[in-house]
$ cat model15.csv   # CSV, C-alpha atoms
chain,number,residue,atom,x,y,z
I,28,MET,CA,17.8,48.3,42.5
I,29,ARG,CA,17.7,49.4,46.1
I,30,VAL,CA,15.5,47.2,48.4
I,31,VAL,CA,14.6,47.7,52.0
I,32,VAL,CA,13.8,44.5,53.8
I,33,VAL,CA,12.0,44.8,57.2
I,34,GLY,CA,12.5,41.9,59.5
I,35,ALA,CA,15.8,40.0,59.8
I,36,GLY,CA,14.5,36.6,60.8
I,37,SER,CA,15.2,33.6,58.6
I,38,VAL,CA,12.8,34.7,55.9
I,39,GLY,CA,14.1,38.3,55.7
I,40,ARG,CA,17.7,37.2,55.7
I,41,SER,CA,17.1,34.6,53.0
I,42,ILE,CA,15.4,37.2,50.8
I,43,ALA,CA,18.3,39.6,51.4
I,44,ARG,CA,20.9,37.1,50.4
I,45,GLU,CA,19.0,36.2,47.2
I,46,LEU,CA,18.6,39.9,46.3
I,47,ILE,CA,22.3,40.6,46.9
I,48,HIS,CA,23.3,37.5,44.9
I,49,ASN,CA,21.3,39.0,42.0
I,50,GLY,CA,23.1,42.3,42.2
I,51,HIS,CA,20.7,44.4,44.2
I,52,ALA,CA,21.6,46.8,47.1
I,53,VAL,CA,19.8,45.7,50.3
I,54,LEU,CA,19.1,47.4,53.7
I,55,LEU,CA,17.8,45.2,56.5
I,56,ILE,CA,15.9,46.8,59.3
I,57,ASP,CA,15.3,44.9,62.6
I,58,LYS,CA,15.3,46.2,66.1
I,59,TYR,CA,16.3,42.8,67.6
I,60,ALA,CA,19.0,41.8,65.2
I,61,GLU,CA,22.0,40.3,67.0
I,62,ASP,CA,25.6,40.0,65.9
I,63,ASP,CA,25.1,36.5,64.5
I,64,ARG,CA,22.3,37.7,62.3
I,65,THR,CA,24.1,40.7,60.9
I,66,ALA,CA,27.2,38.5,60.3
I,67,SER,CA,25.1,36.0,58.3
I,68,VAL,CA,24.4,38.7,55.7
I,69,PRO,CA,27.6,40.8,55.7
I,70,ASP,CA,27.0,42.4,52.3
I,71,ALA,CA,23.8,44.0,53.4
I,72,SER,CA,23.5,47.3,55.1
I,73,TRP,CA,21.9,47.1,58.5
I,74,LEU,CA,19.7,49.4,60.6
I,75,LEU,CA,18.9,48.3,64.1
I,76,ALA,CA,15.7,50.1,64.9
I,77,ASP,CA,11.9,49.9,64.9
I,78,ALA,CA,10.6,50.1,61.3
I,79,CYS,CA,7.2,51.2,62.6
I,80,GLU,CA,8.7,54.5,63.6
I,81,MET,CA,8.8,57.3,61.0
I,82,SER,CA,12.2,58.4,62.2
I,83,THR,CA,13.6,54.9,61.4
I,84,LEU,CA,12.2,55.0,57.9
I,85,GLN,CA,13.5,58.5,57.4
I,86,GLU,CA,17.0,57.4,58.6
I,87,ALA,CA,16.8,54.5,56.2
I,88,GLN,CA,16.0,57.0,53.3
I,89,VAL,CA,13.1,54.7,52.3
I,90,GLN,CA,12.0,57.4,49.8
I,91,ASP,CA,15.1,56.5,47.7
I,92,CYS,CA,14.4,52.8,47.5
I,93,ASP,CA,12.6,50.9,44.7
I,94,VAL,CA,10.9,48.2,46.8
I,95,VAL,CA,10.0,47.7,50.5
I,96,VAL,CA,9.7,44.1,51.6
I,97,CYS,CA,7.9,43.6,54.9
I,98,ALA,CA,9.0,40.1,56.0
I,99,THR,CA,8.5,40.1,59.8
I,100,GLY,CA,6.6,37.4,61.6
I,101,ASP,CA,4.1,40.0,62.8
I,102,ASP,CA,1.3,40.8,60.4
I,103,LYS,CA,0.6,44.1,62.2
I,104,VAL,CA,4.1,45.3,61.7
I,105,ASN,CA,4.1,44.3,58.0
I,106,LEU,CA,0.8,46.2,57.5
I,107,VAL,CA,1.9,49.3,59.3
I,108,VAL,CA,5.3,49.5,57.5
I,109,SER,CA,3.7,48.9,54.1
I,110,LEU,CA,1.1,51.7,54.7
I,111,LEU,CA,3.8,54.1,55.8
I,112,ALA,CA,6.1,53.2,52.9
I,113,LYS,CA,3.3,53.8,50.4
I,114,THR,CA,1.5,56.8,51.8
I,115,GLU,CA,4.3,58.8,53.5
I,116,PHE,CA,7.3,57.9,51.2
I,117,GLY,CA,5.6,57.2,47.9
I,118,ILE,CA,7.2,53.8,47.4
I,119,ALA,CA,6.4,52.3,44.0
I,120,ARG,CA,6.2,48.7,45.2
I,121,THR,CA,5.6,47.0,48.5
I,122,VAL,CA,5.6,43.3,49.3
I,123,GLY,CA,4.0,42.1,52.5
I,124,ARG,CA,4.4,38.7,54.1
I,125,VAL,CA,1.2,37.2,55.5
I,126,ASN,CA,1.8,35.0,58.5
I,127,ASN,CA,-1.8,34.2,59.5
I,128,PRO,CA,-4.2,33.4,56.6
I,129,LYS,CA,-7.1,35.0,58.5
I,130,ASN,CA,-5.4,38.4,58.1
I,131,GLU,CA,-4.9,38.1,54.3
I,132,TRP,CA,-8.0,40.1,53.5
I,133,MET,CA,-6.2,43.2,54.9
I,134,PHE,CA,-3.1,42.9,52.7
I,135,ASP,CA,-4.4,45.0,49.8
I,136,GLU,CA,-4.0,48.5,48.4
I,137,ALA,CA,-6.0,50.0,51.3
I,138,TRP,CA,-3.0,49.1,53.5
I,139,GLY,CA,-0.4,50.0,50.9
I,140,VAL,CA,0.4,46.4,49.9
I,141,ASP,CA,1.0,45.8,46.3
I,142,VAL,CA,1.9,42.1,46.6
I,143,ALA,CA,0.8,39.9,49.4
I,144,VAL,CA,2.7,36.6,49.9
I,145,SER,CA,1.0,34.1,52.1
I,146,THR,CA,3.3,31.1,52.8
I,147,PRO,CA,0.5,29.0,54.2
I,148,ARG,CA,-1.6,29.6,51.1
I,149,ILE,CA,1.2,28.9,48.7
I,150,MET,CA,2.1,25.7,50.5
I,151,THR,CA,-1.5,24.5,50.6
I,152,ALA,CA,-1.9,25.4,46.9
I,153,LEU,CA,1.2,23.4,46.0
I,154,VAL,CA,0.0,20.4,48.0
I,155,GLU,CA,-3.3,20.6,46.0
I,156,GLU,CA,-1.4,21.0,42.8
I,157,ALA,CA,0.7,17.9,43.4
I,158,VAL,CA,-2.5,15.7,43.3
I,159,SER,CA,-4.6,17.7,40.9
I,160,VAL,CA,-3.4,17.3,37.3
I,161,GLY,CA,-5.6,19.4,35.0
I,162,ASP,CA,-6.8,21.7,37.8
I,163,LEU,CA,-6.0,25.4,37.8
I,164,VAL,CA,-4.1,26.3,41.0
I,165,ARG,CA,-4.1,30.0,42.1
I,166,LEU,CA,-0.7,30.5,43.8
I,167,PHE,CA,-1.1,34.2,44.7
I,168,GLN,CA,-2.7,37.5,43.6
I,169,PHE,CA,-1.1,40.8,42.8
I,170,GLN,CA,-3.4,43.1,44.7
I,171,GLN,CA,-2.8,46.3,42.8
I,172,GLY,CA,-3.0,45.0,39.3
I,173,LYS,CA,-5.7,42.4,40.0
I,174,ALA,CA,-3.7,39.8,38.3
I,175,THR,CA,-3.0,36.3,39.6
I,176,MET,CA,-0.2,33.8,39.2
I,177,VAL,CA,-1.7,30.4,38.4
I,178,GLU,CA,-0.3,27.0,37.7
I,179,ILE,CA,-1.7,24.0,35.8
I,180,THR,CA,-0.2,20.6,35.3
I,181,ILE,CA,-1.0,19.6,31.7
I,182,PRO,CA,-2.9,16.3,31.4
I,183,THR,CA,-1.3,13.8,28.9
I,184,ASP,CA,-4.4,13.9,26.8
I,185,SER,CA,-4.5,17.7,26.6
I,186,PRO,CA,-4.8,19.3,23.1
I,187,ALA,CA,-1.8,21.5,24.1
I,188,VAL,CA,0.5,18.5,24.2
I,189,GLY,CA,2.8,18.5,21.2
I,190,GLN,CA,2.2,22.2,20.4
I,191,THR,CA,4.9,24.8,20.8
I,192,VAL,CA,4.6,27.7,23.1
I,193,GLY,CA,4.2,30.0,20.2
I,194,GLY,CA,1.3,27.9,18.9
I,195,LEU,CA,-0.7,27.9,22.0
I,196,ASP,CA,-4.2,29.5,21.7
I,197,LEU,CA,-4.2,31.4,24.9
I,198,PRO,CA,-7.2,33.6,26.0
I,199,PRO,CA,-6.7,37.3,26.3
I,200,ASP,CA,-5.0,38.6,29.5
I,201,CYS,CA,-3.0,35.3,29.9
I,202,VAL,CA,0.8,35.2,29.7
I,203,LEU,CA,2.9,32.0,30.1
I,204,VAL,CA,5.9,32.9,32.3
I,205,GLY,CA,7.5,29.5,33.0
I,206,ILE,CA,7.6,25.8,32.5
I,207,ILE,CA,8.6,23.2,35.1
I,208,ARG,CA,9.5,19.8,33.7
I,209,ASP,CA,11.2,17.0,35.6
I,210,GLU,CA,11.7,19.5,38.5
I,211,ARG,CA,13.7,21.9,36.2
I,212,PRO,CA,12.6,25.4,35.3
I,213,ILE,CA,12.5,26.1,31.5
I,214,ALA,CA,12.1,29.5,29.9
I,215,PRO,CA,9.0,29.4,27.6
I,216,THR,CA,10.5,30.3,24.2
I,217,ARG,CA,8.2,30.2,21.2
I,218,THR,CA,9.7,27.0,19.9
I,219,GLU,CA,9.6,25.0,23.2
I,220,PRO,CA,7.2,22.1,22.8
I,221,ILE,CA,4.6,21.4,25.5
I,222,GLU,CA,4.7,17.9,27.1
I,223,GLY,CA,2.2,16.0,29.2
I,224,LEU,CA,2.6,16.6,32.9
I,225,ASP,CA,4.5,19.9,32.3
I,226,GLU,CA,3.7,22.4,35.0
I,227,LEU,CA,2.9,25.7,33.3
I,228,LEU,CA,3.0,29.0,35.3
I,229,PHE,CA,0.8,31.9,34.0
I,230,LEU,CA,0.0,35.5,34.9
I,231,ALA,CA,-3.6,36.0,34.2
I,232,THR,CA,-6.6,38.0,35.3
I,233,ALA,CA,-9.2,36.3,37.5
I,234,ASP,CA,-11.8,36.6,34.7
I,235,ALA,CA,-9.6,34.7,32.3
I,236,GLU,CA,-8.7,31.8,34.5
I,237,ALA,CA,-11.6,29.4,33.5
I,238,ALA,CA,-11.0,30.0,29.8
I,239,LEU,CA,-7.3,29.4,30.3
I,240,GLY,CA,-8.0,26.1,32.1
I,241,ALA,CA,-10.3,25.0,29.3
I,242,ALA,CA,-7.7,25.9,26.7
I,243,MET,CA,-4.9,23.9,28.5
I,244,THR,CA,-7.0,20.8,29.2
I,245,GLY,CA,-9.6,20.6,26.5
I,246,ARG,CA,-12.4,20.6,29.1
I,247,ASP,CA,-15.5,22.7,28.9
I,248,ILE,CA,-15.2,25.9,30.9
I,249,ALA,CA,-17.9,24.7,33.3
I,250,ASP,CA,-15.7,21.7,34.1
I,251,VAL,CA,-12.6,23.6,35.0
I,252,ARG,CA,-11.8,23.5,38.7
I,253,THR,CA,-9.8,26.3,40.3
I,254,VAL,CA,-8.1,25.5,43.5
I,255,SER,CA,-8.1,28.6,45.7
I,256,HIS,CA,-8.1,29.4,49.4
I,257,GLU,CA,-9.0,33.1,49.4
I,258,ASN,CA,-11.8,32.7,51.9
I,259,THR,CA,-10.0,30.6,54.5
$ encode --input "model15.csv" --output "structure tokens"
Amino acid sequence: MRVVVVGAGSVGRSIARELIHNGHAVLLIDKYAEDDRTASVPDASWLLADACEMSTLQEAQVQDCDVVVCATGDDKVNLVVSLLAKTEFGIARTVGRVNNPKNEWMFDEAWGVDVAVSTPRIMTALVEEAVSVGDLVRLFQFQQGKATMVEITIPTDSPAVGQTVGGLDLPPDCVLVGIIRDERPIAPTRTEPIEGLDELLFLATADAEAALGAAMTGRDIADVRTVSHENT
């Protein structure tokens, strides 16, 4: 997969290194990148230019990439590049970094953003998750597909405890994608048993979240609490 990462700060370079480690081809675009930054990701291709300029994106051959990741510290830049990548170059998938939570409402399909990643929101959600066993924690939302990634820490008295992944009675539009147990990630195979205080990660639609929380805790749907910060 060919990925263009806009912004070569600490976030952009970390993303680039992980993608390269996973076997992907990465081009980093940053008009202020200095020698020490380029040397820190030697296996990436580099373009020292302003990504908000059409000529830069043409030189980068953005139309030939699979994903554009806008990871600068400037929300305006991330929005402009996402919009150009989607509307002018037909990129299938864009990922936008949200620096200021007040700007998050703009990071949607209208601005060409498929996935908005808000670090403040995720960190806040994870803090809430740490003290909220049994609550549904919305980590982030996939803007284009209207799906969310949610997490729930299973109470020890949950009816799901002792069941296998294959035996879980999940509502429609809910998919278990990961288990975290004792700080270790576990692939959710059908025979894997669910234990109390497991952290389960799901992809779900917003409409299915309450039913999912009820199924995983044994609570009534009306008693399921969803921790979200979308309006902050």
$ closest_residue --input "model15.csv" --among "I:Ser185, I:Thr232, I:Thr191, I:Thr180" --to "I:Arg208" --atoms "only C-alpha atoms"
I:Thr180
$ residues_around --input "model15.csv" --residues "I:Lys103" --least-positions-apart "2" --cutoff "12 Å" --atoms "only C-alpha atoms" --output "PyMOL selection string"
chain I and resi 78-79+97-101+105-110+123-127+130-131+133-134+138
$ atom_distance --input "model15.csv" --atom1 "atom CA of I:Ala233" --atom2 "atom CA of I:Leu46"
29.4 Å
$ atom_distance --input "model15.csv" --atom1 "atom CA of I:Ile118" --atom2 "atom CA of I:Asp91"
8.4 Å
$ closest_residue --input "model15.csv" --among "I:Ile42, I:Val142, I:Ala76, I:Val94" --to "I:Arg120" --atoms "all atoms listed in the file"
I:Val94
$ atom_distance --input "model15.csv" --atom1 "atom CA of I:Cys201" --atom2 "atom CA of I:Leu230"
5.8 Å
$ closest_residue --input "model15.csv" --among "I:Pro199, I:Gly194, I:Gly223, I:Pro186" --to "I:Val160" --atoms "all atoms listed in the file"
I:Gly223
$ closest_residue --input "model15.csv" --among "I:Ala71, I:Val188, I:Ala66, I:Val53" --to "I:Cys92" --atoms "only C-alpha atoms"
I:Val53
$ closest_residue --input "model15.csv" --among "I:Ala143, I:Val68, I:Ala214, I:Ala187" --to "I:Leu166" --atoms "only C-alpha atoms"
I:Ala143
$ residues_near_point --input "model15.csv" --point "(6.3, 22.8, 35.7)" --cutoff "9 Å" --atoms "all atoms listed in the file" --output "ChimeraX atom specification"
/I:178-181,205-213,224-228
$ closest_residue --input "model15.csv" --among "I:Ala137, I:Val251, I:Ala231, I:Ala242" --to "I:Val204" --atoms "all atoms listed in the file"
I:Ala231
$ residues_around --input "model15.csv" --residues "I:Leu195" --least-positions-apart "5" --cutoff "12 Å" --atoms "all atoms listed in the file" --output "JSON, numbers by chain"
{"I": [185, 186, 187, 188, 189, 190, 201, 202, 203, 215, 216, 217, 218, 219, 220, 221, 239, 242, 243, 244]}
$ decode --input "model15.csv" --residues "stretch 33-48 of chain I" --atoms "all heavy atoms" --output "CSV table (one decimal), in the first residue's frame"
chain,number,residue,atom,x,y,z
I,33,VAL,N,1.1,13.7,5.4
I,33,VAL,CA,1.3,15.2,5.4
I,33,VAL,C,1.6,15.6,6.8
I,33,VAL,O,0.8,15.5,7.7
I,33,VAL,CB,0.1,15.9,4.8
I,33,VAL,CG1,0.4,17.4,4.9
I,33,VAL,CG2,-0.2,15.5,3.4
I,34,GLY,N,2.8,16.2,7.0
I,34,GLY,CA,3.2,16.7,8.3
I,34,GLY,C,4.3,15.7,8.9
I,34,GLY,O,4.0,14.6,9.2
I,35,ALA,N,5.5,16.2,9.1
I,35,ALA,CA,6.6,15.4,9.6
I,35,ALA,C,7.0,15.8,11.0
I,35,ALA,O,8.2,15.7,11.3
I,35,ALA,CB,7.8,15.5,8.6
I,36,GLY,N,6.0,16.2,11.8
I,36,GLY,CA,6.3,16.3,13.2
I,36,GLY,C,6.4,15.0,13.9
I,36,GLY,O,6.5,13.9,13.2
I,37,SER,N,6.4,15.0,15.2
I,37,SER,CA,6.6,13.7,15.9
I,37,SER,C,5.5,12.7,15.6
I,37,SER,O,5.7,11.5,15.4
I,37,SER,CB,6.7,13.9,17.4
I,37,SER,OG,5.5,14.6,17.9
I,38,VAL,N,4.2,13.2,15.4
I,38,VAL,CA,3.1,12.3,15.1
I,38,VAL,C,3.3,11.7,13.7
I,38,VAL,O,3.2,10.5,13.5
I,38,VAL,CB,1.8,13.1,15.2
I,38,VAL,CG1,0.6,12.2,14.7
I,38,VAL,CG2,1.5,13.5,16.6
I,39,GLY,N,3.5,12.6,12.7
I,39,GLY,CA,3.7,12.1,11.3
I,39,GLY,C,4.8,11.2,11.1
I,39,GLY,O,4.6,10.1,10.4
I,40,ARG,N,5.9,11.4,11.8
I,40,ARG,CA,7.1,10.5,11.6
I,40,ARG,C,6.8,9.2,12.3
I,40,ARG,O,7.2,8.2,11.8
I,40,ARG,CB,8.3,11.2,12.2
I,40,ARG,CG,8.9,12.3,11.2
I,40,ARG,CD,10.1,12.9,11.8
I,40,ARG,NE,9.7,13.9,12.9
I,40,ARG,CZ,10.4,14.0,14.0
I,40,ARG,NH1,11.5,13.3,14.3
I,40,ARG,NH2,10.0,14.9,14.9
I,41,SER,N,6.1,9.2,13.5
I,41,SER,CA,5.8,8.0,14.1
I,41,SER,C,4.9,7.1,13.3
I,41,SER,O,5.0,5.9,13.2
I,41,SER,CB,5.1,8.3,15.5
I,41,SER,OG,6.0,8.9,16.4
I,42,ILE,N,3.9,7.8,12.7
I,42,ILE,CA,3.0,7.0,11.8
I,42,ILE,C,3.7,6.4,10.6
I,42,ILE,O,3.6,5.3,10.3
I,42,ILE,CB,1.9,8.0,11.3
I,42,ILE,CG1,0.9,8.4,12.4
I,42,ILE,CG2,1.0,7.3,10.1
I,42,ILE,CD1,0.0,9.5,12.0
I,43,ALA,N,4.6,7.2,10.0
I,43,ALA,CA,5.4,6.8,8.9
I,43,ALA,C,6.3,5.6,9.3
I,43,ALA,O,6.4,4.6,8.5
I,43,ALA,CB,6.3,7.9,8.4
I,44,ARG,N,6.9,5.6,10.4
I,44,ARG,CA,7.8,4.5,10.8
I,44,ARG,C,7.0,3.2,11.0
I,44,ARG,O,7.4,2.1,10.6
I,44,ARG,CB,8.5,4.9,12.1
I,44,ARG,CG,9.8,5.7,11.9
I,44,ARG,CD,10.6,5.8,13.2
I,44,ARG,NE,9.9,6.6,14.2
I,44,ARG,CZ,10.2,7.9,14.4
I,44,ARG,NH1,11.0,8.6,13.6
I,44,ARG,NH2,9.6,8.6,15.3
I,45,GLU,N,5.8,3.4,11.6
I,45,GLU,CA,4.9,2.2,11.8
I,45,GLU,C,4.5,1.6,10.5
I,45,GLU,O,4.5,0.4,10.3
I,45,GLU,CB,3.7,2.5,12.7
I,45,GLU,CG,4.0,2.8,14.2
I,45,GLU,CD,4.5,1.5,14.9
I,45,GLU,OE1,4.0,0.4,14.6
I,45,GLU,OE2,5.4,1.6,15.7
I,46,LEU,N,4.1,2.4,9.6
I,46,LEU,CA,3.6,2.0,8.3
I,46,LEU,C,4.8,1.3,7.5
I,46,LEU,O,4.6,0.2,6.9
I,46,LEU,CB,3.1,3.1,7.5
I,46,LEU,CG,1.7,3.7,7.9
I,46,LEU,CD1,1.4,5.0,7.2
I,46,LEU,CD2,0.6,2.7,7.7
I,47,ILE,N,5.9,1.9,7.6
I,47,ILE,CA,7.1,1.3,6.9
I,47,ILE,C,7.4,-0.1,7.5
I,47,ILE,O,7.7,-1.1,6.8
I,47,ILE,CB,8.3,2.2,6.9
I,47,ILE,CG1,8.0,3.4,6.0
I,47,ILE,CG2,9.6,1.5,6.5
I,47,ILE,CD1,9.0,4.6,6.2
I,48,HIS,N,7.4,-0.1,8.8
I,48,HIS,CA,7.6,-1.4,9.5
I,48,HIS,C,6.7,-2.5,9.1
I,48,HIS,O,7.0,-3.7,9.1
I,48,HIS,CB,7.5,-1.2,11.0
I,48,HIS,CG,7.7,-2.4,11.9
I,48,HIS,ND1,9.0,-3.0,12.0
I,48,HIS,CD2,6.8,-3.2,12.5
I,48,HIS,CE1,8.9,-4.1,12.8
I,48,HIS,NE2,7.6,-4.3,13.1
